[in-house]
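Listing of model19.tsv; format and content: TSV, C-alpha atoms.
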```tsv
chain	number	residue	atom	x	y	z
A	652	MET	CA	11.18	-64.13	23.82
A	653	LYS	CA	14.38	-63.38	21.94
A	654	ALA	CA	14.47	-60.59	19.37
A	655	ALA	CA	16.88	-58.56	17.26
A	656	VAL	CA	16.46	-55.05	18.71
A	657	TYR	CA	18.09	-51.65	18.58
A	658	TYR	CA	18.00	-48.50	20.68
A	659	GLU	CA	19.03	-45.98	18.03
A	660	ASN	CA	19.07	-45.69	14.25
A	661	GLY	CA	22.19	-46.52	12.30
A	662	GLY	CA	24.00	-49.21	10.38
A	663	PRO	CA	23.57	-52.95	10.95
A	664	ASP	CA	25.85	-52.80	14.00
A	665	VAL	CA	23.06	-51.20	16.08
A	666	PHE	CA	21.36	-54.61	16.42
A	667	ARG	CA	21.39	-56.41	19.77
A	668	TYR	CA	20.05	-59.92	20.40
A	669	GLU	CA	18.10	-59.67	23.64
A	670	ASP	CA	15.21	-60.97	25.74
A	671	VAL	CA	12.10	-58.80	25.47
A	672	PRO	CA	8.50	-59.26	26.73
A	673	ASP	CA	6.23	-61.52	24.71
A	674	PRO	CA	3.66	-59.60	22.62
A	675	GLU	CA	0.01	-59.62	23.70
A	676	CYS	CA	-2.82	-60.77	21.44
A	677	HIS	CA	-5.36	-58.08	20.54
A	678	ARG	CA	-9.03	-59.05	20.39
A	679	LYS	CA	-8.87	-58.53	16.59
A	680	GLY	CA	-5.40	-59.97	16.18
A	681	VAL	CA	-3.24	-63.06	16.15
A	682	VAL	CA	0.14	-64.06	17.54
A	683	ILE	CA	2.46	-66.34	15.61
A	684	ARG	CA	5.52	-68.28	16.65
A	685	VAL	CA	7.89	-67.07	13.97
A	686	GLU	CA	9.50	-69.67	11.71
A	687	ALA	CA	10.83	-67.35	9.01
A	688	VAL	CA	11.33	-63.60	8.65
A	689	SER	CA	11.56	-62.07	5.19
A	690	ILE	CA	13.76	-58.99	5.40
A	691	GLU	CA	12.11	-56.29	3.31
A	692	GLY	CA	13.80	-53.25	1.79
A	693	GLY	CA	11.82	-51.04	4.15
A	694	ASP	CA	13.28	-52.92	7.11
A	695	THR	CA	16.80	-51.72	6.30
A	696	LEU	CA	15.55	-48.18	5.66
A	697	ASN	CA	13.64	-48.10	8.95
A	698	ARG	CA	16.66	-49.37	10.85
A	699	PHE	CA	18.74	-46.65	9.24
A	700	ARG	CA	16.45	-43.66	9.82
A	701	GLY	CA	12.89	-44.67	10.73
A	702	ALA	CA	11.06	-43.70	13.91
A	703	LEU	CA	11.45	-46.04	16.89
A	704	ALA	CA	7.86	-46.87	17.80
A	705	THR	CA	9.14	-48.84	20.79
A	706	LYS	CA	12.37	-48.86	22.75
A	707	PRO	CA	14.09	-51.20	22.37
A	708	HIS	CA	12.70	-51.38	18.87
A	709	ILE	CA	11.96	-54.53	16.87
A	710	VAL	CA	12.03	-53.70	13.18
A	711	GLY	CA	10.40	-55.68	10.39
A	712	TYR	CA	7.34	-55.86	8.16
A	713	GLN	CA	6.93	-59.54	7.36
A	714	ALA	CA	7.15	-62.94	9.08
A	715	ALA	CA	5.46	-66.33	8.91
A	716	GLY	CA	4.92	-69.15	11.37
A	717	GLU	CA	2.41	-71.06	13.48
A	718	VAL	CA	-0.56	-69.27	15.01
A	719	VAL	CA	-0.37	-69.65	18.81
A	720	ALA	CA	-3.06	-67.16	19.92
A	721	VAL	CA	-6.19	-65.73	18.33
A	722	GLY	CA	-8.30	-62.78	19.50
A	723	GLU	CA	-11.93	-63.34	20.49
A	724	GLU	CA	-13.19	-61.35	17.49
A	725	VAL	CA	-11.20	-63.36	14.92
A	726	ASP	CA	-13.03	-66.17	13.13
A	727	ASN	CA	-11.05	-66.75	9.92
A	728	ILE	CA	-7.80	-67.96	11.51
A	729	LYS	CA	-7.38	-70.53	14.25
A	730	VAL	CA	-4.65	-71.69	16.61
A	731	GLY	CA	-2.47	-74.23	14.83
A	732	ASP	CA	-2.81	-72.65	11.39
A	733	LYS	CA	0.33	-71.54	9.59
A	734	ALA	CA	0.13	-67.90	8.55
A	735	VAL	CA	2.20	-65.14	6.99
A	736	THR	CA	1.83	-61.72	8.59
A	737	THR	CA	2.65	-58.10	7.87
A	738	GLY	CA	2.80	-55.07	10.13
A	739	ALA	CA	4.57	-51.78	10.66
A	740	PHE	CA	7.26	-53.40	12.83
A	741	GLY	CA	7.98	-56.45	14.99
A	742	SER	CA	9.01	-59.21	12.58
A	743	HIS	CA	12.60	-59.71	13.84
A	744	ALA	CA	11.53	-61.78	16.85
A	745	GLU	CA	10.51	-65.23	18.03
A	746	LEU	CA	6.88	-64.15	18.48
A	747	ARG	CA	4.92	-61.61	16.47
A	748	ALA	CA	1.48	-60.01	17.10
A	749	VAL	CA	-0.50	-58.40	14.26
A	750	SER	CA	-4.02	-57.56	13.18
A	751	ALA	CA	-5.77	-60.58	11.72
A	752	ARG	CA	-6.56	-58.39	8.72
A	753	THR	CA	-2.88	-58.44	7.75
A	754	ALA	CA	-2.44	-62.18	8.21
A	755	TRP	CA	-2.98	-64.80	5.52
A	756	VAL	CA	-3.43	-68.53	6.09
A	757	ILE	CA	-0.74	-70.59	4.37
A	758	PRO	CA	-2.10	-73.54	2.33
A	759	PRO	CA	-1.44	-76.95	3.95
A	760	GLY	CA	1.91	-78.41	2.93
A	761	MET	CA	3.34	-75.15	1.61
A	762	ASP	CA	6.88	-74.27	2.71
A	763	VAL	CA	6.52	-71.55	5.36
A	764	ARG	CA	9.80	-69.97	4.21
A	765	LEU	CA	8.36	-69.35	0.75
A	766	ALA	CA	5.13	-67.93	2.13
A	767	ALA	CA	7.13	-65.58	4.38
A	768	ALA	CA	8.45	-63.76	1.32
A	769	ILE	CA	5.19	-63.14	-0.55
A	770	PRO	CA	2.79	-60.43	0.73
A	771	VAL	CA	4.85	-57.22	0.56
A	772	PRO	CA	7.03	-57.86	-2.52
A	773	PHE	CA	4.48	-59.73	-4.62
A	774	GLY	CA	1.58	-57.52	-3.53
A	775	THR	CA	3.62	-54.41	-4.28
A	776	ALA	CA	4.72	-55.68	-7.68
A	777	HIS	CA	1.13	-56.57	-8.56
A	778	ASP	CA	-0.12	-53.09	-7.68
A	779	CYS	CA	2.77	-51.42	-9.53
A	780	LEU	CA	2.00	-53.32	-12.71
A	781	PHE	CA	-1.77	-53.57	-12.77
A	782	GLU	CA	-3.56	-51.27	-10.30
A	783	PHE	CA	-1.39	-48.21	-10.94
A	784	GLY	CA	0.69	-49.19	-14.01
A	785	ARG	CA	-2.42	-50.40	-15.88
A	786	MET	CA	-0.31	-52.92	-17.77
A	787	LYS	CA	-1.91	-54.59	-20.77
A	788	LYS	CA	-0.94	-57.67	-22.73
A	789	GLY	CA	1.65	-56.92	-25.41
A	790	GLU	CA	3.24	-53.96	-23.64
A	791	ILE	CA	6.93	-53.53	-22.82
A	792	VAL	CA	7.83	-53.55	-19.12
A	793	LEU	CA	11.03	-52.31	-17.46
A	794	VAL	CA	11.79	-53.47	-13.93
A	795	GLN	CA	14.41	-51.42	-12.13
A	796	ALA	CA	16.38	-53.43	-9.52
A	797	GLY	CA	15.23	-56.69	-11.05
A	798	ALA	CA	17.11	-58.78	-8.46
A	799	SER	CA	15.20	-57.26	-5.53
A	800	GLY	CA	12.19	-58.95	-3.96
A	801	VAL	CA	9.77	-56.63	-5.77
A	802	GLY	CA	11.83	-57.01	-8.95
A	803	VAL	CA	11.76	-60.81	-8.93
A	804	ALA	CA	7.99	-60.71	-8.45
A	805	ALA	CA	7.38	-58.02	-11.08
A	806	ILE	CA	9.37	-59.87	-13.74
A	807	GLN	CA	7.27	-62.99	-13.27
A	808	LEU	CA	3.94	-61.19	-13.07
A	809	ALA	CA	4.64	-59.11	-16.17
A	810	ALA	CA	5.73	-62.14	-18.17
A	811	ARG	CA	2.69	-64.11	-17.02
A	812	ALA	CA	0.38	-61.24	-18.02
A	813	GLY	CA	1.71	-61.32	-21.58
A	814	ALA	CA	4.24	-58.50	-21.75
A	815	SER	CA	5.85	-58.49	-25.18
A	816	MET	CA	9.21	-57.75	-23.55
A	817	VAL	CA	10.37	-57.70	-19.91
A	818	LEU	CA	13.54	-55.67	-19.36
A	819	ALA	CA	15.28	-55.62	-15.99
A	820	THR	CA	18.25	-53.81	-14.51
A	821	ALA	CA	20.80	-55.10	-11.99
A	822	SER	CA	24.31	-54.24	-10.82
A	823	SER	CA	26.11	-57.17	-12.46
A	824	ASP	CA	25.84	-59.69	-15.27
A	825	ALA	CA	25.89	-62.49	-12.67
A	826	ARG	CA	22.76	-61.15	-10.99
A	827	LEU	CA	21.03	-60.66	-14.34
A	828	GLU	CA	21.84	-64.23	-15.36
A	829	LYS	CA	19.77	-65.51	-12.42
A	830	LEU	CA	16.73	-63.60	-13.65
A	831	LYS	CA	16.51	-65.20	-17.09
A	832	GLY	CA	14.50	-68.17	-15.89
A	833	LEU	CA	11.88	-65.91	-14.33
A	834	GLY	CA	10.71	-64.33	-17.58
A	835	MET	CA	13.23	-61.55	-18.16
A	836	THR	CA	13.69	-60.97	-21.89
A	837	HIS	CA	16.77	-58.72	-21.69
A	838	GLY	CA	18.96	-57.60	-18.80
A	839	ILE	CA	20.71	-54.25	-18.43
A	840	ASN	CA	23.82	-53.95	-16.27
A	841	TYR	CA	23.39	-50.44	-14.92
A	842	ALA	CA	26.90	-50.43	-13.47
A	843	ARG	CA	28.31	-50.67	-16.99
A	844	ASP	CA	25.69	-49.51	-19.48
A	845	ASP	CA	23.47	-46.43	-19.79
A	846	VAL	CA	19.97	-47.65	-19.02
A	847	VAL	CA	18.08	-45.17	-21.23
A	848	THR	CA	20.33	-45.91	-24.22
A	849	GLU	CA	19.90	-49.67	-23.71
A	850	VAL	CA	16.11	-49.44	-23.40
A	851	ALA	CA	16.02	-47.48	-26.66
A	852	ARG	CA	18.25	-50.02	-28.40
A	853	LEU	CA	16.42	-53.10	-27.13
A	854	THR	CA	12.96	-51.73	-27.93
A	855	ASP	CA	13.89	-50.18	-31.30
A	856	LYS	CA	13.24	-46.76	-29.72
A	857	HIS	CA	9.71	-47.61	-28.60
A	858	MET	CA	10.86	-47.43	-24.93
A	859	ALA	CA	8.95	-48.93	-21.97
A	860	ASP	CA	5.19	-48.76	-21.53
A	861	VAL	CA	5.25	-49.65	-17.83
A	862	ILE	CA	8.16	-49.20	-15.42
A	863	VAL	CA	8.44	-50.52	-11.86
A	864	ASP	CA	10.95	-48.42	-9.91
A	865	SER	CA	11.72	-49.39	-6.31
A	866	VAL	CA	15.02	-47.50	-6.22
A	867	GLY	CA	14.11	-43.82	-6.49
A	868	GLY	CA	16.84	-41.19	-6.28
A	869	PRO	CA	18.64	-40.60	-9.59
A	870	THR	CA	17.23	-43.89	-10.90
A	871	LEU	CA	13.77	-42.34	-11.02
A	872	GLN	CA	15.00	-39.83	-13.62
A	873	THR	CA	16.31	-42.77	-15.66
A	874	SER	CA	12.87	-44.34	-15.48
A	875	ILE	CA	11.14	-41.15	-16.63
A	876	LEU	CA	13.51	-40.86	-19.60
A	877	SER	CA	12.85	-44.52	-20.50
A	878	LEU	CA	9.10	-44.07	-20.93
A	879	ALA	CA	7.25	-44.68	-24.17
A	880	TYR	CA	4.42	-42.45	-25.36
A	881	ARG	CA	1.69	-42.71	-22.71
A	882	GLY	CA	4.09	-44.75	-20.57
A	883	ARG	CA	3.56	-45.13	-16.82
A	884	VAL	CA	6.10	-45.27	-13.98
A	885	SER	CA	5.10	-46.86	-10.68
A	886	MET	CA	7.52	-45.50	-8.08
A	887	VAL	CA	7.65	-47.55	-4.89
A	888	GLY	CA	10.17	-47.13	-2.09
A	889	GLN	CA	13.51	-45.40	-1.95
A	890	ALA	CA	16.01	-48.25	-1.84
A	891	GLY	CA	18.75	-46.01	-3.22
A	892	ARG	CA	18.47	-43.70	-0.15
A	893	GLU	CA	19.32	-40.69	-2.30
A	894	PRO	CA	17.18	-37.56	-2.74
A	895	MET	CA	14.56	-37.72	-5.49
A	896	LYS	CA	15.28	-34.61	-7.52
A	897	VAL	CA	13.79	-35.20	-10.94
A	898	ASP	CA	12.74	-33.18	-13.98
A	899	VAL	CA	9.24	-34.27	-14.94
A	900	GLY	CA	9.00	-31.81	-17.85
A	901	SER	CA	9.51	-34.54	-20.46
A	902	MET	CA	6.40	-36.36	-19.24
A	903	MET	CA	3.92	-33.76	-20.46
A	904	GLY	CA	4.76	-33.90	-24.15
A	905	GLY	CA	4.45	-37.67	-24.23
A	906	ASN	CA	1.31	-37.86	-22.07
A	907	ARG	CA	3.29	-39.94	-19.60
A	908	SER	CA	2.44	-40.48	-15.94
A	909	LEU	CA	4.16	-41.11	-12.62
A	910	SER	CA	2.38	-42.79	-9.70
A	911	GLY	CA	3.60	-43.26	-6.17
A	912	VAL	CA	2.71	-46.70	-4.82
A	913	PHE	CA	2.49	-47.69	-1.15
A	914	LEU	CA	0.92	-51.09	-0.54
A	915	GLY	CA	0.57	-50.40	3.17
A	916	ALA	CA	-2.07	-47.73	2.53
A	917	GLU	CA	-4.46	-50.34	1.12
A	918	ILE	CA	-3.17	-53.65	2.49
A	919	ALA	CA	-6.19	-54.09	4.79
A	920	THR	CA	-8.71	-53.62	1.95
A	921	ASP	CA	-10.60	-56.56	0.50
A	922	ARG	CA	-8.95	-55.93	-2.87
A	923	VAL	CA	-5.38	-56.23	-1.64
A	924	HIS	CA	-6.09	-58.92	0.94
A	925	ASP	CA	-7.70	-61.16	-1.67
A	926	THR	CA	-4.94	-60.44	-4.22
A	927	ILE	CA	-2.23	-61.46	-1.76
A	928	GLN	CA	-4.10	-64.62	-0.78
A	929	GLN	CA	-4.28	-65.58	-4.46
A	930	LEU	CA	-0.56	-64.84	-4.94
A	931	ILE	CA	0.23	-67.14	-2.01
A	932	GLN	CA	-1.87	-69.84	-3.65
A	933	ASP	CA	-0.13	-69.25	-6.99
A	934	VAL	CA	3.25	-69.88	-5.37
A	935	ALA	CA	1.90	-72.96	-3.60
A	936	ASP	CA	0.65	-74.25	-6.97
A	937	GLY	CA	3.99	-73.56	-8.69
A	938	ALA	CA	2.61	-70.84	-10.96
A	939	LEU	CA	4.98	-68.25	-9.42
A	940	GLN	CA	8.40	-68.67	-7.85
A	941	VAL	CA	9.84	-67.22	-4.65
A	942	VAL	CA	13.61	-66.81	-4.85
A	943	ILE	CA	15.44	-67.15	-1.54
A	944	ASP	CA	19.04	-66.02	-1.72
A	945	ARG	CA	20.33	-66.78	1.78
A	946	THR	CA	19.08	-67.65	5.26
A	947	PHE	CA	20.57	-66.31	8.50
A	948	ALA	CA	19.84	-67.05	12.14
A	949	LEU	CA	17.79	-64.37	13.92
A	950	LYS	CA	20.74	-63.66	16.20
A	951	ASP	CA	22.73	-62.75	13.09
A	952	ALA	CA	20.33	-60.00	11.97
A	953	ALA	CA	23.19	-57.50	11.70
A	954	GLU	CA	25.07	-59.78	9.31
A	955	ALA	CA	21.91	-60.35	7.26
A	956	HIS	CA	21.20	-56.62	6.92
A	957	ARG	CA	24.84	-56.01	6.03
A	958	TYR	CA	24.62	-58.65	3.29
A	959	ILE	CA	21.46	-57.09	1.84
A	960	GLU	CA	23.08	-53.67	1.75
A	961	SER	CA	26.06	-55.12	-0.14
A	962	ARG	CA	23.64	-55.58	-3.09
A	963	GLN	CA	24.73	-59.13	-3.75
A	964	ALA	CA	21.39	-60.83	-3.11
A	965	VAL	CA	18.97	-62.04	-5.75
A	966	GLY	CA	15.50	-62.37	-4.25
A	967	ARG	CA	14.83	-62.49	-0.53
A	968	VAL	CA	17.07	-62.92	2.50
A	969	LEU	CA	15.47	-64.71	5.46
A	970	LEU	CA	16.01	-64.82	9.21
A	971	VAL	CA	15.18	-67.99	11.14
A	972	PRO	CA	14.74	-67.90	14.95
```
Could you render the structure from this file as structure tokens?
Amino acid sequence: MKAAVYYENGGPDVFRYEDVPDPECHRKGVVIRVEAVSIEGGDTLNRFRGALATKPHIVGYQAAGEVVAVGEEVDNIKVGDKAVTTGAFGSHAELRAVSARTAWVIPPGMDVRLAAAIPVPFGTAHDCLFEFGRMKKGEIVLVQAGASGVGVAAIQLAARAGASMVLATASSDARLEKLKGLGMTHGINYARDDVVTEVARLTDKHMADVIVDSVGGPTLQTSILSLAYRGRVSMVGQAGREPMKVDVGSMMGGNRSLSGVFLGAEIATDRVHDTIQQLIQDVADGALQVVIDRTFALKDAAEAHRYIESRQAVGRVLLVP
């Protein structure tokens, strides 16, 4: 099969488009013929500095396509089904093998490209808001990096759950404009405006009850300073790639809390598996929206990663073999 591989960490230029051996199907796994790869934030981070589990290495958490092989111990997925899969690596390829536990059947007639972009970003956003953020109807939510995959999902989920106000940050007014139809109440251009000052102004100094922060670095301090009394920050990922040196002293006086969130630690549990399956169905039914910014050919993985790192995208960038 063909795959986008690399032999060492670095910028997008480390990618090579090469022939590699086809993956084998585990007795508890499935193999799909990939039709769409959703490039996740962790994919760019892993390419930059993550461990190479194989050499050459095929990066990538998430891909969807047709099931072409099923292990003898798998009974909930069959050959010919369309499925979206997640795993520690291996998505940037024509074929992808994963555990059946991290594969979800795509409803008949659903666009595979949309399904490809759901499990990690929507599952992560859901956990950030509800499992760890404990969001309740009527609360104010702030979504850092609102134009990211997790951001786009969190805005919609918070609005659907009855948030009284959904604030989101992005690097330009143009990117914020594209978020208005998803349920964002007010946008904050962090390249121009001070986020903490704007949150105070927009909320009449109440601040945010729940914050989803997928950026980390200095942005995490901004999130902490934007918390309301008893507010909660769900910190997921480190998209900013900068050290997380924060002062958490202000959290004690306001009974505030900070939770680290990693979907991968619980993705094989019944709770998360069932949540993601429902989120896929919600998108299929039109209750939630997947935003696809651009699509690149698999052979152009370097260009796709470079585009993501330019911070121009709104929603997900896909690769198509």
So that I can check the surroundings of Asp898 (chain A), please list as a PyMOL selection string every protein, DNA and RNA residue that reaches within 10 Å of it, counting only C-alpha atoms and ignoring chain neighbours fewer than 5 positions away. chain A and resi 871-872+875-876
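Across the model, the gap from CA of Val817 (chain A) to CA of Gly834 (chain A) is 7.0 Å.
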Sort by chain and increasing residue number a table of all residues of region 815-850 of chain A within 10 Å of region 953-962 of chain A, each with its closest pair of atoms and their distance in Å to one decimal, counting only C-alpha atoms, and write it as a tab-separated table.
```
residue	atom	partner	partner_atom	distance
A:Ala821	CA	A:Arg962	CA	9.4
A:Ser822	CA	A:Arg962	CA	7.9
A:Ser823	CA	A:Arg962	CA	9.8
A:Arg826	CA	A:Arg962	CA	9.7
```
Keeping only C-alpha atoms, take the residues you just selected and write them out as a PDB file, keeping the file's coordinate frame.
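Output saved as out-v3.pdb:
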```pdb
ATOM      1  CA  ALA A 821      20.800 -55.100 -11.990  1.00  0.00           C
ATOM      2  CA  SER A 822      24.310 -54.240 -10.820  1.00  0.00           C
ATOM      3  CA  SER A 823      26.110 -57.170 -12.460  1.00  0.00           C
ATOM      4  CA  ARG A 826      22.760 -61.150 -10.990  1.00  0.00           C
TER       5      ARG A 826
END
```
Residue neighbourhood region 712-729 of chain A, 8 Å, all atoms listed in the file, exclusion window fewer than 2 positions, as an MDAnalysis selection string: chainID A and resid 676:691 693:694 710 731:743 747 751 756 763:764 766:768 770:771
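CA of Gly789 (chain A) lies 22.6 Å from CA of Thr873 (chain A).
Taking only C-alpha atoms, the non-local environment of Val968 (chain A) within 6 Å (same-chain residues fewer than 5 positions away omitted) comprises A:Ile690, A:Asp944, A:Arg945, A:Thr946.
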Would you save the residues of that selection, restricted to C-alpha atoms, as an mmCIF file, in the coordinates of the input?
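Full text of selection10.cif as output:
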```cif
data_model
loop_
_atom_site.group_PDB
_atom_site.id
_atom_site.type_symbol
_atom_site.label_atom_id
_atom_site.label_comp_id
_atom_site.auth_asym_id
_atom_site.auth_seq_id
_atom_site.Cartn_x
_atom_site.Cartn_y
_atom_site.Cartn_z
ATOM 1 C CA ILE A 690 13.760 -58.990 5.400
ATOM 2 C CA ASP A 944 19.040 -66.020 -1.720
ATOM 3 C CA ARG A 945 20.330 -66.780 1.780
ATOM 4 C CA THR A 946 19.080 -67.650 5.260
#
```
Could you jot down the CA of Met652 (chain A) to CA of Thr695 (chain A) separation for me, Å, one decimal place? 22.2 Å
Would you pick out the contacts of Gln807 (chain A) at 8 Å or less, using all atoms listed in the file, so that residues sharing its chain but fewer than 5 positions from it are not included, and give the list as a list of chain:residue names? A:Leu833, A:Gly834, A:Met835, A:Leu939, A:Gln940
Resulting file, chosen residues, C-alpha atoms, as a short mmCIF file (atom, residue, chain, number, x, y, z; two decimals), in the frame of the given file:
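Wrote it out as selection-v2.cif, contents follow:
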```cif
data_model
loop_
_atom_site.label_atom_id
_atom_site.label_comp_id
_atom_site.auth_asym_id
_atom_site.auth_seq_id
_atom_site.Cartn_x
_atom_site.Cartn_y
_atom_site.Cartn_z
CA LEU A 833 11.88 -65.91 -14.33
CA GLY A 834 10.71 -64.33 -17.58
CA MET A 835 13.23 -61.55 -18.16
CA LEU A 939 4.98 -68.25 -9.42
CA GLN A 940 8.40 -68.67 -7.85
#
```
